[in-house]
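J.: Just passing along the structure, written as structure tokens.
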Amino acid sequence: MPGAIYAEGLVKTFGDVRALDGVDLDVPEGTVLGLLGPNGAGKTTTVRCLTTLLRPDSGKAVVAGIDVLKQPDAVRRSIGLSGQFAAVDEYLTGRENLQMVGQLYQMRAKAARARADELLEQFNLADAADRPAKTYSGGMRRRLDLAAALVVSPPVMFMDEPTTGLDPRNRQQLWDVIKQLVSGGTTLLLTTQYLEEADHLAHDIAVVDHGRVIAKGTSDQLKARTGGERVEVVVHDRENIAAAAELLDKYSLHGAGKGDTTVEDHMRKITTPVTGGAKLLAEIIRDLDARGIEIDDIGLRRPTLDDVFLSLTGHVAEAKDEGNGEQAAKGTRGHRHTKEAAK
């Protein structure tokens, strides 16, 4: 049975550019899918197709059990969307912006005011609640935009790079809000350039490149594809590099003499792939000490999602303006689901 967000064979072209080239997704209810990929990979175009802001050229999409192509109005009433750029009315105050969203969803005026006050407090905007949004900083506008997407708690949420422009404290606050949403049963599709964010929040991750999903799995599953754990040792004396490399090679994942151990002479660093975790690390430290090899540093390094990006796509995720066909859809940026739902 398809999940709360389901896509099969989504294709979208802009002129000669094939922004989506057969995207398949299946997000179980009450989970977070992290959609990762380099800029221009197709993440935002995917979100726009799933939220009815763009119509795919071909393929199937179902959100909250509703066919996106056949019943777009019903989809809009069942989702929340926070795009890449804050879409607030800068001439209204923060409180008025949130109350307006509530009224667009036909909330009673009293309920809309109460919900606005709750969100202003939650997003640390209470002190600025009665100031026009045009006086807000970029980070404050971002937080107000996110609060607006949550006025009515929708069963399915889409967040397209939601923490762009937020400082670490506010980013952590948003992460807490996302966790609360999901614990309450909300399904979330999250695109992000912050790999730590996907690692921290997503139950599953889909890596997109050139309009295709090139890998799926949990964070640990994707990291395992890059080669597992590595022990890194920095020796104190350069003359001990060879002896330390020989010792580490014994602990190599594929056995001594396989050439897995690498040496960076200028940094006095030796690296070898291993399996065994912290227990093995303690054993290596004892062995080095027994042989009188003094070290400046030793660590067990696990692959990061940066490593996953590099191994799967051949390049890192760079925070630059999106290229390819996604730029052609720039005119749809900033449209709010609330305004669509009110039509």
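Labels for the structure tokens follow display order: chains A, B, ..., residues from 1 in each chain, ligands from 1.
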Among region 124-335 of chain A, which ones does DSSP assign to helix (DSSP H, G or I) (computed from the backbone)? Answer as a ChimeraX atom specification.
T.: /A:126-128,133-135,138-149,168-183,195-201,219-224,238-250,265-267,277-290,305-313,324-332
J.: Please provide the set of residues having any atom within 9 Å of region 105-117 of chain A, restricted to only C-alpha atoms, with same-chain residues fewer than 2 positions apart removed, written as an MDAnalysis selection string.
T.: chainID A and resid 77 94:103 119:122 126 129 147:148 151:152 338 341:342
J.: Dump N, CA, C and O atoms for the selected residues as a compact mmCIF listing (two decimals), in the first residue's frame?
T.:
# COMPACT_ATOMS: atom_id res chain seq x y z
N ARG A 77 -5.65 21.23 0.38
CA ARG A 77 -6.30 21.32 1.68
C ARG A 77 -5.71 20.35 2.70
O ARG A 77 -6.02 20.44 3.89
N GLY A 94 3.53 40.34 12.36
CA GLY A 94 3.69 38.90 12.47
C GLY A 94 2.41 38.23 12.92
O GLY A 94 1.99 37.21 12.36
N ARG A 95 1.76 38.83 13.92
CA ARG A 95 0.50 38.25 14.42
C ARG A 95 -0.57 38.28 13.33
O ARG A 95 -1.30 37.30 13.14
N GLU A 96 -0.67 39.39 12.60
CA GLU A 96 -1.69 39.51 11.55
C GLU A 96 -1.45 38.50 10.43
O GLU A 96 -2.41 37.95 9.87
N ASN A 97 -0.19 38.25 10.10
CA ASN A 97 0.12 37.25 9.08
C ASN A 97 -0.42 35.88 9.48
O ASN A 97 -1.06 35.19 8.68
N LEU A 98 -0.18 35.49 10.71
CA LEU A 98 -0.61 34.17 11.16
C LEU A 98 -2.13 34.09 11.31
O LEU A 98 -2.74 33.07 10.97
N GLN A 99 -2.75 35.18 11.80
CA GLN A 99 -4.21 35.18 11.90
C GLN A 99 -4.86 35.10 10.53
O GLN A 99 -5.88 34.42 10.34
N MET A 100 -4.25 35.77 9.54
CA MET A 100 -4.79 35.73 8.18
C MET A 100 -4.77 34.30 7.64
O MET A 100 -5.74 33.84 7.04
N VAL A 101 -3.68 33.60 7.89
CA VAL A 101 -3.59 32.21 7.41
C VAL A 101 -4.68 31.37 8.06
O VAL A 101 -5.36 30.57 7.40
N GLY A 102 -4.86 31.54 9.37
CA GLY A 102 -5.91 30.80 10.06
C GLY A 102 -7.29 31.07 9.48
O GLY A 102 -8.10 30.16 9.30
N GLN A 103 -7.56 32.33 9.16
CA GLN A 103 -8.87 32.69 8.61
C GLN A 103 -9.04 32.16 7.20
O GLN A 103 -10.17 31.82 6.80
N LEU A 119 2.14 30.07 18.19
CA LEU A 119 3.24 29.92 17.24
C LEU A 119 4.28 31.02 17.39
O LEU A 119 5.49 30.78 17.25
N LEU A 120 3.84 32.23 17.68
CA LEU A 120 4.78 33.33 17.88
C LEU A 120 5.70 33.04 19.06
O LEU A 120 6.91 33.32 19.01
N GLU A 121 5.14 32.46 20.08
CA GLU A 121 5.95 32.08 21.25
C GLU A 121 6.89 30.93 20.90
O GLU A 121 8.08 30.94 21.25
N GLN A 122 6.36 29.96 20.20
CA GLN A 122 7.14 28.77 19.85
C GLN A 122 8.33 29.10 18.96
O GLN A 122 9.41 28.51 19.10
N ALA A 126 7.51 36.41 19.76
CA ALA A 126 6.48 37.09 20.55
C ALA A 126 6.81 38.57 20.74
O ALA A 126 5.91 39.43 20.70
N ALA A 129 5.80 40.50 17.66
CA ALA A 129 4.50 40.08 17.12
C ALA A 129 3.73 41.22 16.48
O ALA A 129 3.02 41.02 15.48
N ALA A 147 6.16 29.26 10.69
CA ALA A 147 5.01 29.26 11.60
C ALA A 147 3.71 29.28 10.81
O ALA A 147 2.74 28.59 11.16
N ALA A 148 3.68 30.05 9.72
CA ALA A 148 2.46 30.13 8.90
C ALA A 148 2.11 28.78 8.29
O ALA A 148 0.93 28.44 8.13
N VAL A 151 0.05 26.72 10.96
CA VAL A 151 -1.15 27.26 11.62
C VAL A 151 -2.21 26.17 11.75
O VAL A 151 -2.79 25.96 12.81
N VAL A 152 -2.48 25.49 10.65
CA VAL A 152 -3.36 24.32 10.68
C VAL A 152 -2.47 23.11 10.57
O VAL A 152 -1.73 22.97 9.60
N THR A 338 -1.51 28.07 1.50
CA THR A 338 -2.69 28.67 2.11
C THR A 338 -3.47 29.50 1.12
O THR A 338 -4.70 29.49 1.10
N ALA A 341 -5.23 27.18 -1.25
CA ALA A 341 -6.37 26.49 -0.65
C ALA A 341 -7.59 27.39 -0.53
O ALA A 341 -8.72 26.93 -0.49
N ALA A 342 -7.32 28.71 -0.52
CA ALA A 342 -8.43 29.62 -0.34
C ALA A 342 -9.18 29.90 -1.63
O ALA A 342 -10.23 30.52 -1.63
J.: What gap, in Å, lies between CA of Val47 (chain A) and CA of Phe158 (chain A)?
T.: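 So the answer is 7.1 Å.
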J.: Please measure the separation of CA of Gly15 (chain A) and CA of Ala61 (chain A), giving the value in Å to one decimal.
T.: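 So the answer is 22.2 Å.
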J.: What is the CA of Val32 (chain A) to CA of His200 (chain A) distance in Å?
T.: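 These two atoms are separated by 10.5 Å.
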J.: Of the candidates A:Arg18, A:Thr186, A:Trp175, A:Gln84, which shows the shortest atom-to-atom distance to Ala64 (chain A), using only C-alpha atoms?
T.: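 Distance minimum relative to Ala64 (chain A) lands on A:Thr186.
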J.: Excluding Arg302 (chain A) and any residue of its chain fewer than 3 positions from it, enumerate the residues within 12 Å of it, using only C-alpha atoms, and give them as a PyMOL selection string.
T.: chain A and resi 219-220+222-232+272-278+299+305-308
J.: Write out as a VMD selection string the residues lying within 6 Å of Lys269 (chain A), counting only C-alpha atoms and excluding same-chain residues fewer than 3 positions away.
T.: chain A and resid 233 to 234 263 to 264
J.: Taking N, CA, C and O atoms for each residue, export the selection above as an mmCIF file, in the first residue's frame.
T.:
data_model
loop_
_atom_site.group_PDB
_atom_site.id
_atom_site.type_symbol
_atom_site.label_atom_id
_atom_site.label_comp_id
_atom_site.auth_asym_id
_atom_site.auth_seq_id
_atom_site.Cartn_x
_atom_site.Cartn_y
_atom_site.Cartn_z
ATOM 1 N N VAL A 233 45.281 7.583 12.759
ATOM 2 C CA VAL A 233 46.298 7.770 13.792
ATOM 3 C C VAL A 233 47.291 8.821 13.325
ATOM 4 O O VAL A 233 47.760 8.771 12.176
ATOM 5 N N VAL A 234 47.603 9.771 14.198
ATOM 6 C CA VAL A 234 48.662 10.745 13.934
ATOM 7 C C VAL A 234 49.800 10.448 14.899
ATOM 8 O O VAL A 234 49.637 10.564 16.124
ATOM 9 N N VAL A 263 48.951 6.347 3.996
ATOM 10 C CA VAL A 263 49.847 7.165 4.801
ATOM 11 C C VAL A 263 49.944 8.555 4.183
ATOM 12 O O VAL A 263 50.128 8.693 2.972
ATOM 13 N N GLU A 264 49.748 9.573 5.021
ATOM 14 C CA GLU A 264 49.952 10.964 4.615
ATOM 15 C C GLU A 264 51.164 11.487 5.388
ATOM 16 O O GLU A 264 51.049 11.939 6.520
#
J.: Write out as a tab-separated table a residue-level contact list of region 188-227 of chain A versus region 166-169 of chain A with cut-off 12 Å: for each qualifying residue the closest pair of atoms and the distance in Å to one decimal, counting only C-alpha atoms, rows sorted by chain and residue number upward.
T.:
residue	atom	partner	partner_atom	distance
A:Tyr194	CA	A:Pro168	CA	11.5
A:Glu196	CA	A:Pro168	CA	11.7
A:Glu197	CA	A:Pro168	CA	11.1
J.: Dump all heavy atoms for the selected residues as a tab-separated table (two decimals), in the first residue's frame?
T.:
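Below you can see part-v8.tsv, which holds the result:
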chain	number	residue	atom	x	y	z
A	194	TYR	N	21.80	20.99	4.43
A	194	TYR	CA	22.53	20.70	5.65
A	194	TYR	C	22.49	19.19	5.89
A	194	TYR	O	21.47	18.65	6.31
A	194	TYR	CB	21.93	21.45	6.83
A	194	TYR	CG	21.98	22.94	6.69
A	194	TYR	CD1	20.83	23.68	6.44
A	194	TYR	CD2	23.19	23.63	6.79
A	194	TYR	CE1	20.87	25.06	6.31
A	194	TYR	CE2	23.24	25.00	6.65
A	194	TYR	CZ	22.08	25.72	6.42
A	194	TYR	OH	22.12	27.09	6.29
A	196	GLU	N	23.86	17.42	8.10
A	196	GLU	CA	23.63	17.10	9.50
A	196	GLU	C	22.14	17.08	9.81
A	196	GLU	O	21.67	16.27	10.62
A	196	GLU	CB	24.33	18.15	10.38
A	196	GLU	CG	24.11	17.94	11.87
A	196	GLU	CD	24.54	19.14	12.69
A	196	GLU	OE1	24.87	20.19	12.10
A	196	GLU	OE2	24.50	19.04	13.93
A	197	GLU	N	21.39	17.93	9.13
A	197	GLU	CA	19.95	18.02	9.36
A	197	GLU	C	19.25	16.72	8.95
A	197	GLU	O	18.42	16.19	9.69
A	197	GLU	CB	19.40	19.20	8.55
A	197	GLU	CG	17.97	19.57	8.84
A	197	GLU	CD	17.69	20.99	8.38
A	197	GLU	OE1	17.89	21.91	9.17
A	197	GLU	OE2	17.30	21.17	7.20
J.: Set the distance at 12 Å and use only C-alpha atoms: which residues neighbour Val177 (chain A) once local chain neighbours fewer than 6 positions away are removed? I'd like the list as a list in words.
T.: Leu119, Gln122, Phe123, Arg143, Leu146, Ala147, Leu150, Ser153, Pro162, Thr163, Asn170, Arg171, Ser183, Gly184, Thr186, Leu188 and Leu201 of chain A
J.: Those same residues, written as a PDB file, in the first residue's frame with N, CA and C atoms?
T.:
ATOM      1  N   LEU A 119       2.139  30.072  18.189  1.00  0.00           N
ATOM      2  CA  LEU A 119       3.243  29.915  17.241  1.00  0.00           C
ATOM      3  C   LEU A 119       4.279  31.025  17.391  1.00  0.00           C
ATOM      4  N   GLN A 122       6.358  29.956  20.204  1.00  0.00           N
ATOM      5  CA  GLN A 122       7.137  28.772  19.851  1.00  0.00           C
ATOM      6  C   GLN A 122       8.331  29.105  18.964  1.00  0.00           C
ATOM      7  N   PHE A 123       8.153  30.071  18.066  1.00  0.00           N
ATOM      8  CA  PHE A 123       9.220  30.441  17.150  1.00  0.00           C
ATOM      9  C   PHE A 123       9.993  31.690  17.595  1.00  0.00           C
ATOM     10  N   ARG A 143      11.370  32.308  10.087  1.00  0.00           N
ATOM     11  CA  ARG A 143      10.652  31.656  11.177  1.00  0.00           C
ATOM     12  C   ARG A 143       9.156  31.941  11.097  1.00  0.00           C
ATOM     13  N   LEU A 146       7.682  29.719   8.425  1.00  0.00           N
ATOM     14  CA  LEU A 146       7.513  28.351   8.904  1.00  0.00           C
ATOM     15  C   LEU A 146       6.325  28.241   9.851  1.00  0.00           C
ATOM     16  N   ALA A 147       6.159  29.259  10.694  1.00  0.00           N
ATOM     17  CA  ALA A 147       5.010  29.257  11.600  1.00  0.00           C
ATOM     18  C   ALA A 147       3.706  29.280  10.810  1.00  0.00           C
ATOM     19  N   LEU A 150       2.364  26.074   9.677  1.00  0.00           N
ATOM     20  CA  LEU A 150       1.926  25.161  10.732  1.00  0.00           C
ATOM     21  C   LEU A 150       0.674  25.649  11.453  1.00  0.00           C
ATOM     22  N   SER A 153      -2.508  22.236  11.546  1.00  0.00           N
ATOM     23  CA  SER A 153      -1.615  21.079  11.551  1.00  0.00           C
ATOM     24  C   SER A 153      -2.038  20.100  10.458  1.00  0.00           C
ATOM     25  N   PRO A 162      14.129  24.280   4.849  1.00  0.00           N
ATOM     26  CA  PRO A 162      13.430  25.146   5.811  1.00  0.00           C
ATOM     27  C   PRO A 162      14.336  25.956   6.715  1.00  0.00           C
ATOM     28  N   THR A 163      15.562  25.514   6.955  1.00  0.00           N
ATOM     29  CA  THR A 163      16.401  26.226   7.924  1.00  0.00           C
ATOM     30  C   THR A 163      17.413  27.157   7.263  1.00  0.00           C
ATOM     31  N   ASN A 170      18.249  28.820  16.368  1.00  0.00           N
ATOM     32  CA  ASN A 170      16.924  28.754  15.756  1.00  0.00           C
ATOM     33  C   ASN A 170      16.746  27.490  14.927  1.00  0.00           C
ATOM     34  N   ARG A 171      17.832  27.018  14.334  1.00  0.00           N
ATOM     35  CA  ARG A 171      17.758  25.751  13.592  1.00  0.00           C
ATOM     36  C   ARG A 171      17.406  24.613  14.540  1.00  0.00           C
ATOM     37  N   SER A 183       6.063  13.167  15.737  1.00  0.00           N
ATOM     38  CA  SER A 183       5.597  12.315  16.844  1.00  0.00           C
ATOM     39  C   SER A 183       4.080  12.346  16.955  1.00  0.00           C
ATOM     40  N   GLY A 184       3.472  13.434  16.436  1.00  0.00           N
ATOM     41  CA  GLY A 184       2.017  13.528  16.433  1.00  0.00           C
ATOM     42  C   GLY A 184       1.368  12.888  15.214  1.00  0.00           C
ATOM     43  N   THR A 186       2.386  13.454  11.816  1.00  0.00           N
ATOM     44  CA  THR A 186       2.585  14.163  10.549  1.00  0.00           C
ATOM     45  C   THR A 186       3.649  13.470   9.713  1.00  0.00           C
ATOM     46  N   LEU A 188       6.430  13.994   6.734  1.00  0.00           N
ATOM     47  CA  LEU A 188       7.212  15.137   6.269  1.00  0.00           C
ATOM     48  C   LEU A 188       8.190  14.740   5.179  1.00  0.00           C
ATOM     49  N   LEU A 201      17.258  14.188  11.457  1.00  0.00           N
ATOM     50  CA  LEU A 201      15.790  14.175  11.424  1.00  0.00           C
ATOM     51  C   LEU A 201      15.175  13.037  10.622  1.00  0.00           C
TER      52      LEU A 201
END
J.: Write down as a PyMOL selection string the residues belonging to region 176-237 of chain A that are assigned strand (DSSP E) by DSSP computed on the backbone.
T.: chain A and resi 187-191+204-209+212-217+229-235
J.: Which residue out of A:Asp127, A:Asp199, A:Asp260, A:Glu29 has the minimum interatomic distance to Gly3 (chain A) when only C-alpha atoms are used?
T.: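 Checking each of A:Asp127, A:Asp199, A:Asp260, A:Glu29 against Gly3 (chain A), counting only C-alpha atoms, the winner is A:Glu29.
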J.: Nearest to Val88 (chain A) among A:Ile66, A:Gln71, A:Tyr136, A:Glu118, with distances taken over only C-alpha atoms: which residue is it?
T.: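 Closest to Val88 (chain A) of all the choices is A:Tyr136.
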J.: Of the candidates A:Leu33, A:Ile298, A:Ile205, A:Ala215, which one gets nearest to Ala244 (chain A) if we count only C-alpha atoms?
T.: A:Ile298
J.: Could you name the residues that touch Gly65 (chain A) at 12 Å or less, counting only C-alpha atoms, but leaving out those on the same chain fewer than 3 positions away, as a ChimeraX atom specification?
T.: /A:1-7,27-29,61-62,68,70-72,74-75,78-79,155-156
J.: Please produce a file of the residues just selected, as a PDB file, in the first residue's frame, where the atoms kept are N, CA, C and O atoms.
T.:
ATOM      1  N   MET A   1       0.851  -1.198   0.000  1.00  0.00           N
ATOM      2  CA  MET A   1       0.000   0.000   0.000  1.00  0.00           C
ATOM      3  C   MET A   1       0.882   1.241   0.000  1.00  0.00           C
ATOM      4  O   MET A   1       1.810   1.355   0.813  1.00  0.00           O
ATOM      5  N   PRO A   2       0.643   2.197  -0.898  1.00  0.00           N
ATOM      6  CA  PRO A   2       1.496   3.394  -0.968  1.00  0.00           C
ATOM      7  C   PRO A   2       1.462   4.191   0.331  1.00  0.00           C
ATOM      8  O   PRO A   2       0.483   4.166   1.073  1.00  0.00           O
ATOM      9  N   GLY A   3       2.567   4.900   0.598  1.00  0.00           N
ATOM     10  CA  GLY A   3       2.661   5.700   1.799  1.00  0.00           C
ATOM     11  C   GLY A   3       1.891   7.001   1.678  1.00  0.00           C
ATOM     12  O   GLY A   3       1.145   7.239   0.719  1.00  0.00           O
ATOM     13  N   ALA A   4       2.101   7.887   2.676  1.00  0.00           N
ATOM     14  CA  ALA A   4       1.407   9.171   2.690  1.00  0.00           C
ATOM     15  C   ALA A   4       1.851  10.069   1.543  1.00  0.00           C
ATOM     16  O   ALA A   4       1.109  10.945   1.105  1.00  0.00           O
ATOM     17  N   ILE A   5       3.074   9.884   1.077  1.00  0.00           N
ATOM     18  CA  ILE A   5       3.584  10.579  -0.116  1.00  0.00           C
ATOM     19  C   ILE A   5       4.112   9.513  -1.059  1.00  0.00           C
ATOM     20  O   ILE A   5       4.989   8.721  -0.693  1.00  0.00           O
ATOM     21  N   TYR A   6       3.588   9.504  -2.272  1.00  0.00           N
ATOM     22  CA  TYR A   6       3.967   8.460  -3.226  1.00  0.00           C
ATOM     23  C   TYR A   6       4.144   9.074  -4.610  1.00  0.00           C
ATOM     24  O   TYR A   6       3.308   9.856  -5.074  1.00  0.00           O
ATOM     25  N   ALA A   7       5.257   8.768  -5.216  1.00  0.00           N
ATOM     26  CA  ALA A   7       5.508   9.228  -6.585  1.00  0.00           C
ATOM     27  C   ALA A   7       6.080   8.073  -7.397  1.00  0.00           C
ATOM     28  O   ALA A   7       6.897   7.292  -6.895  1.00  0.00           O
ATOM     29  N   VAL A  27       6.847   7.432   0.930  1.00  0.00           N
ATOM     30  CA  VAL A  27       7.109   7.877   2.302  1.00  0.00           C
ATOM     31  C   VAL A  27       6.015   7.355   3.222  1.00  0.00           C
ATOM     32  O   VAL A  27       4.857   7.784   3.116  1.00  0.00           O
ATOM     33  N   PRO A  28       6.334   6.434   4.134  1.00  0.00           N
ATOM     34  CA  PRO A  28       5.316   5.910   5.055  1.00  0.00           C
ATOM     35  C   PRO A  28       4.739   7.001   5.944  1.00  0.00           C
ATOM     36  O   PRO A  28       5.405   7.992   6.265  1.00  0.00           O
ATOM     37  N   GLU A  29       3.507   6.817   6.349  1.00  0.00           N
ATOM     38  CA  GLU A  29       2.829   7.789   7.204  1.00  0.00           C
ATOM     39  C   GLU A  29       3.582   7.965   8.519  1.00  0.00           C
ATOM     40  O   GLU A  29       4.067   7.004   9.120  1.00  0.00           O
ATOM     41  N   ALA A  61       1.465  10.696  -8.910  1.00  0.00           N
ATOM     42  CA  ALA A  61       1.753  11.216  -7.574  1.00  0.00           C
ATOM     43  C   ALA A  61       0.489  11.163  -6.726  1.00  0.00           C
ATOM     44  O   ALA A  61      -0.586  11.583  -7.168  1.00  0.00           O
ATOM     45  N   VAL A  62       0.632  10.643  -5.518  1.00  0.00           N
ATOM     46  CA  VAL A  62      -0.478  10.555  -4.572  1.00  0.00           C
ATOM     47  C   VAL A  62       0.012  11.105  -3.234  1.00  0.00           C
ATOM     48  O   VAL A  62       1.049  10.677  -2.722  1.00  0.00           O
ATOM     49  N   VAL A  68      -2.671  13.633  -7.035  1.00  0.00           N
ATOM     50  CA  VAL A  68      -2.232  15.024  -7.200  1.00  0.00           C
ATOM     51  C   VAL A  68      -2.713  15.620  -8.517  1.00  0.00           C
ATOM     52  O   VAL A  68      -3.099  16.795  -8.580  1.00  0.00           O
ATOM     53  N   LYS A  70      -5.363  14.528 -10.430  1.00  0.00           N
ATOM     54  CA  LYS A  70      -6.812  14.512 -10.599  1.00  0.00           C
ATOM     55  C   LYS A  70      -7.543  15.414  -9.603  1.00  0.00           C
ATOM     56  O   LYS A  70      -8.608  15.949  -9.910  1.00  0.00           O
ATOM     57  N   GLN A  71      -6.998  15.574  -8.403  1.00  0.00           N
ATOM     58  CA  GLN A  71      -7.683  16.347  -7.362  1.00  0.00           C
ATOM     59  C   GLN A  71      -6.719  17.330  -6.686  1.00  0.00           C
ATOM     60  O   GLN A  71      -6.486  17.247  -5.479  1.00  0.00           O
ATOM     61  N   PRO A  72      -6.161  18.272  -7.427  1.00  0.00           N
ATOM     62  CA  PRO A  72      -5.177  19.190  -6.840  1.00  0.00           C
ATOM     63  C   PRO A  72      -5.737  20.042  -5.704  1.00  0.00           C
ATOM     64  O   PRO A  72      -5.034  20.312  -4.725  1.00  0.00           O
ATOM     65  N   ALA A  74      -8.044  19.269  -3.505  1.00  0.00           N
ATOM     66  CA  ALA A  74      -8.130  18.445  -2.295  1.00  0.00           C
ATOM     67  C   ALA A  74      -6.749  18.230  -1.694  1.00  0.00           C
ATOM     68  O   ALA A  74      -6.588  18.182  -0.467  1.00  0.00           O
ATOM     69  N   VAL A  75      -5.728  18.086  -2.542  1.00  0.00           N
ATOM     70  CA  VAL A  75      -4.357  17.943  -2.050  1.00  0.00           C
ATOM     71  C   VAL A  75      -3.943  19.189  -1.274  1.00  0.00           C
ATOM     72  O   VAL A  75      -3.371  19.109  -0.179  1.00  0.00           O
ATOM     73  N   SER A  78      -4.879  19.432   2.230  1.00  0.00           N
ATOM     74  CA  SER A  78      -4.361  18.370   3.099  1.00  0.00           C
ATOM     75  C   SER A  78      -2.872  18.496   3.392  1.00  0.00           C
ATOM     76  O   SER A  78      -2.304  17.630   4.056  1.00  0.00           O
ATOM     77  N   ILE A  79      -2.232  19.543   2.882  1.00  0.00           N
ATOM     78  CA  ILE A  79      -0.778  19.661   3.028  1.00  0.00           C
ATOM     79  C   ILE A  79      -0.389  21.023   3.595  1.00  0.00           C
ATOM     80  O   ILE A  79      -1.157  21.978   3.569  1.00  0.00           O
ATOM     81  N   PRO A 155      -1.827  16.826   7.773  1.00  0.00           N
ATOM     82  CA  PRO A 155      -1.318  15.460   7.890  1.00  0.00           C
ATOM     83  C   PRO A 155      -0.009  15.249   7.135  1.00  0.00           C
ATOM     84  O   PRO A 155       0.772  14.361   7.474  1.00  0.00           O
ATOM     85  N   VAL A 156       0.225  16.076   6.094  1.00  0.00           N
ATOM     86  CA  VAL A 156       1.452  15.949   5.288  1.00  0.00           C
ATOM     87  C   VAL A 156       2.087  17.326   5.151  1.00  0.00           C
ATOM     88  O   VAL A 156       1.418  18.298   4.807  1.00  0.00           O
TER      89      VAL A 156
END
J.: Measuring between only C-alpha atoms, which one of A:Ala282, A:Leu190, A:Leu310, A:Ile241 shows the shortest distance to Gly34 (chain A)?
T.: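 The shortest atom-to-atom distance to Gly34 (chain A) comes from A:Leu190.
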